[in-house]
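Engineer: If it helps, the file is called coords21.cif and holds mmCIF, C-alpha atoms:
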data_run
loop_
_atom_site.label_atom_id
_atom_site.label_comp_id
_atom_site.auth_asym_id
_atom_site.auth_seq_id
_atom_site.Cartn_x
_atom_site.Cartn_y
_atom_site.Cartn_z
CA MET A 133 -0.43 -30.24 -4.90
CA ASN A 134 0.90 -29.59 -8.37
CA ASP A 135 1.78 -32.19 -10.97
CA ILE A 136 5.55 -32.63 -10.75
CA VAL A 137 7.38 -31.27 -13.81
CA MET A 138 11.14 -31.63 -14.15
CA TYR A 139 12.72 -28.28 -15.03
CA ASP A 140 16.25 -27.88 -16.27
CA VAL A 141 16.76 -24.84 -14.05
CA LEU A 142 14.96 -23.58 -10.96
CA ILE A 143 15.87 -20.00 -10.07
CA LEU A 144 15.08 -18.72 -6.59
CA GLY A 145 14.51 -14.96 -6.61
CA SER A 146 13.25 -12.36 -9.08
CA GLY A 147 15.78 -9.60 -8.51
CA PRO A 148 18.31 -8.56 -11.16
CA ALA A 149 20.45 -11.66 -10.55
CA GLY A 150 17.57 -14.11 -10.84
CA LEU A 151 16.00 -12.44 -13.87
CA THR A 152 19.37 -12.25 -15.66
CA ALA A 153 19.94 -15.93 -14.99
CA ALA A 154 16.44 -16.67 -16.28
CA LEU A 155 17.10 -14.75 -19.50
CA TYR A 156 20.33 -16.63 -20.21
CA CYS A 157 18.98 -20.07 -19.32
CA ALA A 158 15.74 -19.69 -21.26
CA ARG A 159 17.53 -18.23 -24.25
CA ALA A 160 19.81 -21.29 -24.22
CA GLY A 161 16.73 -23.49 -24.60
CA LYS A 162 16.64 -24.75 -21.01
CA LYS A 163 13.27 -25.27 -19.34
CA THR A 164 13.43 -22.49 -16.75
CA LEU A 165 11.22 -21.61 -13.79
CA VAL A 166 11.74 -18.59 -11.55
CA LEU A 167 10.34 -18.90 -8.02
CA GLY A 168 10.23 -15.16 -7.54
CA GLY A 169 9.33 -14.63 -3.90
CA ASP A 170 6.53 -12.36 -2.71
CA THR A 171 7.08 -9.54 -5.20
CA LEU A 172 8.98 -8.83 -8.38
CA GLY A 173 12.42 -7.28 -8.20
CA GLY A 174 13.53 -7.74 -4.61
CA GLN A 175 15.26 -4.68 -3.18
CA THR A 176 15.62 -3.18 -6.66
CA ALA A 177 11.86 -2.63 -6.89
CA GLY A 178 12.06 -0.14 -4.01
CA ILE A 179 14.52 2.22 -5.73
CA ALA A 180 12.59 5.33 -6.77
CA VAL A 181 15.31 6.77 -9.04
CA LEU A 182 17.96 4.41 -10.36
CA GLU A 183 21.07 6.41 -11.28
CA ASN A 184 23.99 3.97 -11.31
CA TYR A 185 22.89 1.14 -13.57
CA PRO A 186 24.44 1.80 -17.01
CA GLY A 187 21.99 2.27 -19.87
CA TRP A 188 18.89 2.69 -17.72
CA ALA A 189 16.97 5.81 -16.69
CA GLY A 190 13.92 5.03 -14.59
CA SER A 191 12.86 3.37 -11.36
CA GLY A 192 14.01 0.04 -10.02
CA LEU A 193 10.53 -1.40 -10.45
CA GLU A 194 10.45 -0.38 -14.10
CA LEU A 195 13.80 -2.09 -14.66
CA SER A 196 12.52 -5.24 -12.93
CA GLU A 197 9.39 -5.32 -15.10
CA PHE A 198 11.49 -4.88 -18.26
CA MET A 199 13.85 -7.71 -17.24
CA LYS A 200 10.90 -9.99 -16.42
CA LYS A 201 9.30 -9.45 -19.85
CA GLN A 202 12.64 -10.03 -21.57
CA ALA A 203 13.13 -13.38 -19.80
CA GLU A 204 9.54 -14.41 -20.54
CA THR A 205 10.07 -13.62 -24.23
CA PHE A 206 12.47 -16.59 -24.38
CA GLY A 207 10.13 -18.90 -22.48
CA ALA A 208 11.07 -18.49 -18.84
CA GLU A 209 8.18 -19.12 -16.43
CA ILE A 210 7.81 -16.97 -13.32
CA LYS A 211 5.76 -17.81 -10.23
CA PHE A 212 5.60 -15.50 -7.21
CA VAL A 213 6.13 -18.05 -4.47
CA SER A 214 8.92 -18.47 -1.91
CA ALA A 215 11.02 -21.52 -1.12
CA LYS A 216 10.46 -23.11 2.30
CA SER A 217 12.95 -25.96 1.93
CA ILE A 218 15.17 -27.75 -0.57
CA ALA A 219 15.64 -31.51 -0.64
CA GLY A 220 17.25 -33.90 -3.08
CA ASP A 221 20.44 -33.53 -5.06
CA ALA A 222 21.84 -33.45 -8.59
CA GLU A 223 21.25 -37.18 -9.07
CA SER A 224 17.59 -37.34 -8.01
CA GLY A 225 16.67 -33.74 -8.79
CA PHE A 226 16.40 -30.78 -6.45
CA ASN A 227 12.96 -30.77 -4.84
CA ILE A 228 11.81 -27.35 -3.61
CA LEU A 229 8.79 -26.96 -1.34
CA CYS A 230 7.25 -23.49 -1.60
CA ASP A 231 4.80 -21.47 0.46
CA ASP A 232 1.98 -22.34 -1.97
CA ASP A 233 2.39 -25.95 -0.71
CA ASN A 234 3.55 -27.06 -4.13
CA ARG A 235 6.83 -28.79 -4.95
CA TYR A 236 9.01 -27.88 -7.91
CA VAL A 237 11.78 -30.14 -9.19
CA GLY A 238 14.83 -29.16 -11.21
CA LYS A 239 18.05 -30.65 -12.47
CA THR A 240 19.85 -27.52 -11.26
CA VAL A 241 19.13 -24.68 -8.85
CA ILE A 242 20.34 -21.08 -8.99
CA ILE A 243 20.01 -19.37 -5.61
CA ALA A 244 19.38 -15.65 -6.07
CA THR A 245 17.18 -14.86 -3.07
CA GLY A 246 19.12 -11.72 -2.21
CA ALA A 247 19.32 -10.07 1.18
CA SER A 248 16.97 -8.33 3.60
CA PRO A 249 17.58 -5.32 5.84
CA ARG A 250 19.27 -6.19 9.10
CA LYS A 251 16.83 -5.67 11.96
CA LEU A 252 17.56 -3.22 14.76
CA GLN A 253 18.11 -5.11 18.04
CA ILE A 254 17.25 -2.52 20.72
CA ASP A 255 14.39 -2.14 23.17
CA GLY A 256 11.17 -1.19 21.42
CA ALA A 257 12.38 -1.79 17.85
CA ARG A 258 10.46 -5.02 17.30
CA GLU A 259 7.31 -3.84 19.06
CA LEU A 260 7.20 -0.60 17.06
CA PHE A 261 7.93 -2.13 13.65
CA GLY A 262 5.26 -0.74 11.34
CA LYS A 263 4.20 1.69 14.06
CA GLY A 264 6.92 4.28 13.57
CA VAL A 265 9.91 2.04 12.85
CA SER A 266 10.49 1.18 9.19
CA TYR A 267 13.12 -0.55 7.05
CA CYS A 268 11.88 0.86 3.73
CA ALA A 269 11.91 4.60 3.07
CA THR A 270 10.33 4.33 -0.38
CA CYS A 271 7.54 2.12 1.02
CA ASP A 272 6.63 4.21 4.06
CA GLY A 273 8.07 7.66 3.43
CA PHE A 274 4.78 9.17 2.24
CA PHE A 275 3.34 8.72 5.76
CA TYR A 276 5.79 11.35 7.04
CA SER A 277 4.99 14.37 4.92
CA GLU A 278 6.16 17.51 6.75
CA LYS A 279 7.13 15.43 9.79
CA GLU A 280 10.41 14.82 11.59
CA VAL A 281 12.25 11.57 10.98
CA ILE A 282 15.50 9.81 11.85
CA VAL A 283 17.56 7.62 9.54
CA MET A 284 19.92 5.21 11.28
CA GLY A 285 22.99 4.11 9.33
CA GLY A 286 25.95 5.47 7.43
CA GLY A 287 26.26 3.61 4.14
CA ASN A 288 24.86 4.28 0.68
CA SER A 289 21.42 2.92 1.62
CA ALA A 290 21.10 5.21 4.63
CA LEU A 291 22.15 8.31 2.72
CA ASN A 292 19.87 7.47 -0.20
CA ASP A 293 17.00 7.02 2.27
CA ALA A 294 17.78 10.35 3.92
CA LEU A 295 17.83 12.16 0.57
CA TYR A 296 14.55 10.55 -0.46
CA LEU A 297 12.91 11.45 2.85
CA ALA A 298 14.25 15.01 2.75
CA ASP A 299 11.90 15.66 -0.19
CA ILE A 300 8.93 14.52 1.91
CA ALA A 301 9.62 15.21 5.57
CA LYS A 302 10.08 18.49 7.39
CA ASN A 303 13.55 17.47 8.53
CA VAL A 304 15.75 14.39 8.66
CA LYS A 305 18.37 13.46 11.25
CA ILE A 306 20.95 10.85 10.25
CA VAL A 307 22.25 8.96 13.29
CA TYR A 308 25.57 7.17 12.73
CA ARG A 309 27.80 5.47 15.26
CA LYS A 310 31.06 6.48 13.52
CA SER A 311 32.65 9.89 13.03
CA ALA A 312 32.15 10.16 9.24
CA PHE A 313 30.34 8.51 6.32
CA THR A 314 33.44 6.66 5.11
CA ARG A 315 31.41 3.77 3.64
CA ALA A 316 29.18 5.96 1.46
CA GLU A 317 29.92 7.29 -2.03
CA ALA A 318 31.24 10.84 -2.27
CA VAL A 319 28.36 11.96 -4.49
CA LEU A 320 25.86 10.97 -1.79
CA ARG A 321 27.90 12.59 0.99
CA ASN A 322 27.96 15.83 -0.99
CA ARG A 323 24.23 15.76 -1.64
CA VAL A 324 23.50 15.19 2.04
CA ALA A 325 25.76 18.08 3.00
CA GLU A 326 23.92 20.39 0.60
CA ARG A 327 20.45 19.68 2.02
CA GLU A 328 19.37 22.23 4.61
CA ASN A 329 16.81 19.91 6.19
CA ILE A 330 19.25 17.04 6.83
CA GLU A 331 21.26 17.03 10.07
CA CYS A 332 24.01 14.48 10.73
CA LEU A 333 24.58 13.18 14.27
CA PHE A 334 27.93 11.38 14.25
CA ASN A 335 29.35 9.23 17.05
CA THR A 336 25.77 8.46 18.04
CA ASP A 337 24.08 5.12 18.62
CA LEU A 338 20.63 4.19 19.86
CA LYS A 339 19.54 1.98 22.76
CA LYS A 340 15.78 2.40 23.20
CA ILE A 341 12.60 3.53 21.43
CA VAL A 342 9.27 4.27 23.06
CA LYS A 343 6.04 5.75 21.70
CA ARG A 344 4.34 8.65 23.46
CA ASP A 345 0.60 9.10 23.84
CA ASP A 346 0.64 11.54 20.91
CA ASP A 347 2.13 8.77 18.68
CA ARG A 348 5.52 10.47 18.44
CA LEU A 349 8.65 8.44 19.18
CA VAL A 350 11.22 9.13 21.87
CA VAL A 351 14.53 7.68 20.74
CA THR A 352 17.18 7.35 23.47
CA THR A 353 20.87 7.30 22.52
CA THR A 354 23.59 5.36 24.28
CA ASP A 355 24.62 8.70 25.84
CA ASP A 356 21.11 8.96 27.33
CA ASP A 357 20.14 11.88 25.11
CA GLU A 358 16.54 11.82 23.90
CA ILE A 359 15.41 12.66 20.36
CA VAL A 360 11.73 13.15 19.64
CA CYS A 361 10.61 12.29 16.11
CA ASP A 362 7.69 10.91 14.14
CA GLY A 363 9.46 8.01 12.47
CA LEU A 364 12.69 6.00 12.53
CA PHE A 365 14.05 4.49 9.31
CA VAL A 366 16.71 1.81 9.79
CA ALA A 367 19.44 1.17 7.20
CA ILE A 368 22.21 -0.73 9.00
CA GLY A 369 23.13 -3.37 6.46
CA HIS A 370 21.68 -6.61 5.14
CA GLU A 371 21.61 -10.33 5.82
CA ALA A 372 21.28 -12.97 3.12
CA ASN A 373 17.93 -14.71 2.67
CA THR A 374 19.13 -18.29 3.15
CA ASP A 375 17.13 -19.55 6.15
CA TYR A 376 15.34 -22.12 3.98
CA LEU A 377 18.59 -23.97 3.25
CA THR A 378 19.73 -26.98 5.26
CA GLU A 379 22.51 -26.63 7.83
CA ASP A 380 24.99 -28.53 5.67
CA ILE A 381 25.08 -25.65 3.17
CA VAL A 382 28.07 -23.55 4.23
CA ARG A 383 27.34 -19.85 4.89
CA ASP A 384 29.41 -16.91 6.11
CA ASN A 385 28.48 -14.72 9.10
CA MET A 386 26.00 -12.78 6.93
CA GLY A 387 24.33 -15.96 5.67
CA ARG A 388 25.88 -15.67 2.21
CA LEU A 389 27.06 -18.52 0.01
CA ALA A 390 30.39 -19.20 -1.69
CA PRO A 391 29.95 -20.78 -5.15
CA SER A 392 32.82 -23.22 -4.55
CA ALA A 393 31.18 -24.59 -1.39
CA LEU A 394 27.83 -25.50 -2.98
CA PRO A 395 26.77 -29.05 -3.91
CA ARG A 396 27.02 -30.15 -7.53
CA GLY A 397 24.19 -28.70 -9.63
CA MET A 398 23.60 -25.75 -7.30
CA PHE A 399 24.73 -22.22 -8.17
CA VAL A 400 24.47 -18.78 -6.57
CA ALA A 401 24.11 -15.19 -7.80
CA GLY A 402 23.45 -11.68 -6.54
CA ASP A 403 23.48 -10.30 -3.00
CA VAL A 404 23.30 -13.80 -1.53
CA GLU A 405 26.75 -14.59 -2.95
CA SER A 406 29.69 -14.02 -0.62
CA GLU A 407 32.46 -11.50 -1.22
CA ILE A 408 30.77 -9.38 -3.87
CA LYS A 409 29.65 -5.76 -3.88
CA MET A 410 25.91 -5.33 -3.39
CA GLN A 411 25.13 -3.47 -6.61
CA ILE A 412 22.65 -4.11 -9.42
CA ALA A 413 25.44 -4.29 -11.99
CA THR A 414 27.21 -6.90 -9.87
CA ALA A 415 24.00 -8.88 -9.43
CA VAL A 416 23.48 -8.95 -13.19
CA GLY A 417 27.06 -10.11 -13.73
CA THR A 418 26.81 -12.94 -11.21
CA GLY A 419 23.41 -13.91 -12.62
CA CYS A 420 25.02 -14.26 -16.03
CA THR A 421 27.91 -16.30 -14.59
CA ALA A 422 25.63 -18.64 -12.63
CA ALA A 423 23.43 -19.19 -15.67
CA MET A 424 26.34 -19.96 -17.97
CA ASP A 425 27.77 -22.38 -15.40
CA ALA A 426 24.36 -24.09 -15.07
CA ILE A 427 24.00 -24.30 -18.86
CA ALA A 428 27.48 -25.84 -19.22
CA TYR A 429 26.67 -28.33 -16.46
CA LEU A 430 23.37 -29.32 -18.10
CA ASN A 431 25.04 -29.74 -21.50
CA GLN A 432 27.39 -32.33 -20.02
CA LEU A 433 24.61 -34.54 -18.63
#
Is it possible to express this structure as C-alpha cells?
Structural biologist:
Amino acid sequence: MNDIVMYDVLILGSGPAGLTAALYCARAGKKTLVLGGDTLGGQTAGIAVLENYPGWAGSGLELSEFMKKQAETFGAEIKFVSAKSIAGDAESGFNILCDDDNRYVGKTVIIATGASPRKLQIDGARELFGKGVSYCATCDGFFYSEKEVIVMGGGNSALNDALYLADIAKNVKIVYRKSAFTRAEAVLRNRVAERENIECLFNTDLKKIVKRDDDRLVVTTTDDDEIVCDGLFVAIGHEANTDYLTEDIVRDNMGRLAPSALPRGMFVAGDVESEIKMQIATAVGTGCTAAMDAIAYLNQL
C-alpha cells in the first residue's frame, strides 16, 4: 500500500480531456495526479492520422505524448493505473482504489475515463474476440494484409476504419443496418465511395459468426446470407467507462454523466460526459471547463 497523500485534484483518464484538465490544474498551482488507465491517450492513441484537430498534424499517439509532457512541465503527476472504486466525499476527501492496490485521495475528482467500443451481441462474437473479431482497426489491421475483411457500422469510426483497412486488406465490405451513411461526415462518405476495394452492404445486419477449419470466418446476416471473410471489425458506437462508480451516481443509458448531477467536488469531462459530441476538440474543451470549475471550487475552500 502507498503512503496516503492528499492531492488537490485527482483526474481519472489520460485522454485529451484528462490531460487538458491536468495542464490547467497543475498550471494553477494545484497538486494534480492523473490516474491514466492502462495506456496513454485512450481512444485518441489509436488514430493513425489525425486530420480534424486544429493546429495538429500527426498521429493521435503523438498528440497524447505532447499533451502529457506539457502537463508534466507544470508539475502534474501521471500514473498508469485504473480506478476500481471511489469512496468518500468532498468533506472527507475522495478515496480512489486502483488496480495497483493503492489508494489515492483528493479534495476533488475529475472523471475523464472516456468510452469503450460497444461490444457486438451476436452468436460467436464473444468467443471469437481476438480470433478474427476486433474492435480496433489500427491495433489489428496489420494482421489482414491482402485479406478480406468486414467492417460493421455506419458512423465516422466505421468509415475511418474501412479507409484505414482498405490500404492494408485486399478488400473491405462495410455492413450497415440502415440504407445510407447519414451519421458519417460527407468527406468520409466521399472517400469510401472513391475506393475501388470498399463495398457497402446497406440494409444488412448480422446474427452469427463461426470460424471454419481454415480459420476464415463465416458471417451470417439476418437475411440468412453468408459472407466469408478473414476478419470482422466492429464499430457500432461506444459506452462510457463508468462501471467503477457507485450506483448512486446518476448515468444515462450509455453510462455517461451529467455535470449537474454529480456530488460536490466531482467533475466530468470528455466522452464520459453526457450530451456532447465525441470529438477531440470537444474533449479538450470540456477538460478545460472541468479544470476551471475544480480550480474555482478549491479556491473557495
Engineer: Determine the residue set returned by the PyMOL selection byres ((chain A and resi 205-222) around 9) for the present structure, and present it as a VMD selection string.
Structural biologist: chain A and resid 144 to 146 154 to 172 200 to 204 223 to 232 238 to 240 375 to 378 395 to 398
Engineer: Just the residues within 8 Å of segment 270-278 of chain A, please, counting only C-alpha atoms, with nothing from its chain fewer than 2 positions along; format it as a PDB file with C-alpha atoms, in the frame of the given file.
Structural biologist:
ATOM      1  CA  GLY A 178      12.060  -0.140  -4.010  1.00  0.00           C
ATOM      2  CA  ILE A 179      14.520   2.220  -5.730  1.00  0.00           C
ATOM      3  CA  ALA A 180      12.590   5.330  -6.770  1.00  0.00           C
ATOM      4  CA  SER A 266      10.490   1.180   9.190  1.00  0.00           C
ATOM      5  CA  CYS A 268      11.880   0.860   3.730  1.00  0.00           C
ATOM      6  CA  GLU A 280      10.410  14.820  11.590  1.00  0.00           C
ATOM      7  CA  VAL A 281      12.250  11.570  10.980  1.00  0.00           C
ATOM      8  CA  ASP A 293      17.000   7.020   2.270  1.00  0.00           C
ATOM      9  CA  TYR A 296      14.550  10.550  -0.460  1.00  0.00           C
ATOM     10  CA  LEU A 297      12.910  11.450   2.850  1.00  0.00           C
ATOM     11  CA  ILE A 300       8.930  14.520   1.910  1.00  0.00           C
ATOM     12  CA  ALA A 301       9.620  15.210   5.570  1.00  0.00           C
ATOM     13  CA  LYS A 302      10.080  18.490   7.390  1.00  0.00           C
ATOM     14  CA  ASN A 303      13.550  17.470   8.530  1.00  0.00           C
ATOM     15  CA  ASP A 362       7.690  10.910  14.140  1.00  0.00           C
ATOM     16  CA  GLY A 363       9.460   8.010  12.470  1.00  0.00           C
TER      17      GLY A 363
END
Engineer: Counting only C-alpha atoms, which of A:Gly264, A:Arg321, A:Asp380, A:Phe399 gets nearest to Arg344 of chain A?
Structural biologist: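 For Arg344 of chain A, the nearest of the given residues is A:Gly264.
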Engineer: Give me the box for segment 365-375 of chain A as AutoDock Vina command-line options, namely the centre and edge lengths in Å to one decimal of a box along x, y and z that holds every listed atom plus 3 Å on each side.
Structural biologist:
--center_x 18.6 --center_y -7.5 --center_z 6.2 --size_x 15.1 --size_y 30.0 --size_z 13.1
Engineer: Given the choices A:Val141, A:Ala149, A:Ala401, A:Ile242, which gets closest to Val416 of chain A if the distance is worked out from all atoms listed in the file?
Structural biologist: A:Ala149
Engineer: Env of Ser196 of chain A: 8 Å cut, atoms = only C-alpha atoms, seq-sep filter 3 positions within chain, self excluded. Answer as an MDAnalysis selection string.
Structural biologist: chainID A and resid 147:148 172:173 176:177 192:193 199:200
Engineer: Any idea what the distance is between atom CA of Phe313 of chain A and atom CA of Pro249 of chain A?
Structural biologist: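 These atoms are spaced 18.8 Å apart.
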Engineer: Please evaluate the PyMOL selection byres ((chain A and resi 311) around 10) against the structure above and give the resulting residues as a PyMOL selection string.
Structural biologist: chain A and resi 286+308-310+312-314+333-336
Engineer: Those selected residues, please, written with C-alpha atoms and delivered as a short mmCIF file (atom, residue, chain, number, x, y, z; two decimals), in the coordinates of the input.
Structural biologist:
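Result file result-v7.cif:
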data_model
loop_
_atom_site.label_atom_id
_atom_site.label_comp_id
_atom_site.auth_asym_id
_atom_site.auth_seq_id
_atom_site.Cartn_x
_atom_site.Cartn_y
_atom_site.Cartn_z
CA GLY A 286 25.95 5.47 7.43
CA TYR A 308 25.57 7.17 12.73
CA ARG A 309 27.80 5.47 15.26
CA LYS A 310 31.06 6.48 13.52
CA ALA A 312 32.15 10.16 9.24
CA PHE A 313 30.34 8.51 6.32
CA THR A 314 33.44 6.66 5.11
CA LEU A 333 24.58 13.18 14.27
CA PHE A 334 27.93 11.38 14.25
CA ASN A 335 29.35 9.23 17.05
CA THR A 336 25.77 8.46 18.04
#
Engineer: Evaluate the PyMOL selection byres ((chain A and resi 403) around 10) and record the selected residues as a PyMOL selection string, following the chain and residue labels used in the document.
Structural biologist: chain A and resi 147-149+175+244-248+370-373+388-389+400-402+404-412+414-415+418
Engineer: Taking C-alpha atoms for each residue, export the selection above as a short mmCIF file (atom, residue, chain, number, x, y, z; two decimals), in the coordinates of the input.
Structural biologist:
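Output (part08.cif):
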data_model
loop_
_atom_site.label_atom_id
_atom_site.label_comp_id
_atom_site.auth_asym_id
_atom_site.auth_seq_id
_atom_site.Cartn_x
_atom_site.Cartn_y
_atom_site.Cartn_z
CA GLY A 147 15.78 -9.60 -8.51
CA PRO A 148 18.31 -8.56 -11.16
CA ALA A 149 20.45 -11.66 -10.55
CA GLN A 175 15.26 -4.68 -3.18
CA ALA A 244 19.38 -15.65 -6.07
CA THR A 245 17.18 -14.86 -3.07
CA GLY A 246 19.12 -11.72 -2.21
CA ALA A 247 19.32 -10.07 1.18
CA SER A 248 16.97 -8.33 3.60
CA HIS A 370 21.68 -6.61 5.14
CA GLU A 371 21.61 -10.33 5.82
CA ALA A 372 21.28 -12.97 3.12
CA ASN A 373 17.93 -14.71 2.67
CA ARG A 388 25.88 -15.67 2.21
CA LEU A 389 27.06 -18.52 0.01
CA VAL A 400 24.47 -18.78 -6.57
CA ALA A 401 24.11 -15.19 -7.80
CA GLY A 402 23.45 -11.68 -6.54
CA VAL A 404 23.30 -13.80 -1.53
CA GLU A 405 26.75 -14.59 -2.95
CA SER A 406 29.69 -14.02 -0.62
CA GLU A 407 32.46 -11.50 -1.22
CA ILE A 408 30.77 -9.38 -3.87
CA LYS A 409 29.65 -5.76 -3.88
CA MET A 410 25.91 -5.33 -3.39
CA GLN A 411 25.13 -3.47 -6.61
CA ILE A 412 22.65 -4.11 -9.42
CA THR A 414 27.21 -6.90 -9.87
CA ALA A 415 24.00 -8.88 -9.43
CA THR A 418 26.81 -12.94 -11.21
#
Engineer: Just to confirm, what's the straight-line distance from atom CA of Lys305 of chain A to atom CA of Glu326 of chain A in Å (one decimal)?
Structural biologist: 13.9 Å
Engineer: Report the distance between atom CA of Gly387 of chain A and atom CA of Lys251 of chain A in Å, rounded to one decimal place.
Structural biologist: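 Computing the Euclidean distance for atom CA of Gly387 of chain A and atom CA of Lys251 of chain A yields 14.2 Å.
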Engineer: For each of A:Ala413, A:Leu260, A:Met284, A:Val304, take the minimum atom-to-atom distance to Pro186 of chain A, counting all atoms listed in the file, then give the residue where this is smallest.
Structural biologist: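 Looking only at the distances to Pro186 of chain A, the closest residue turns out to be A:Ala413.
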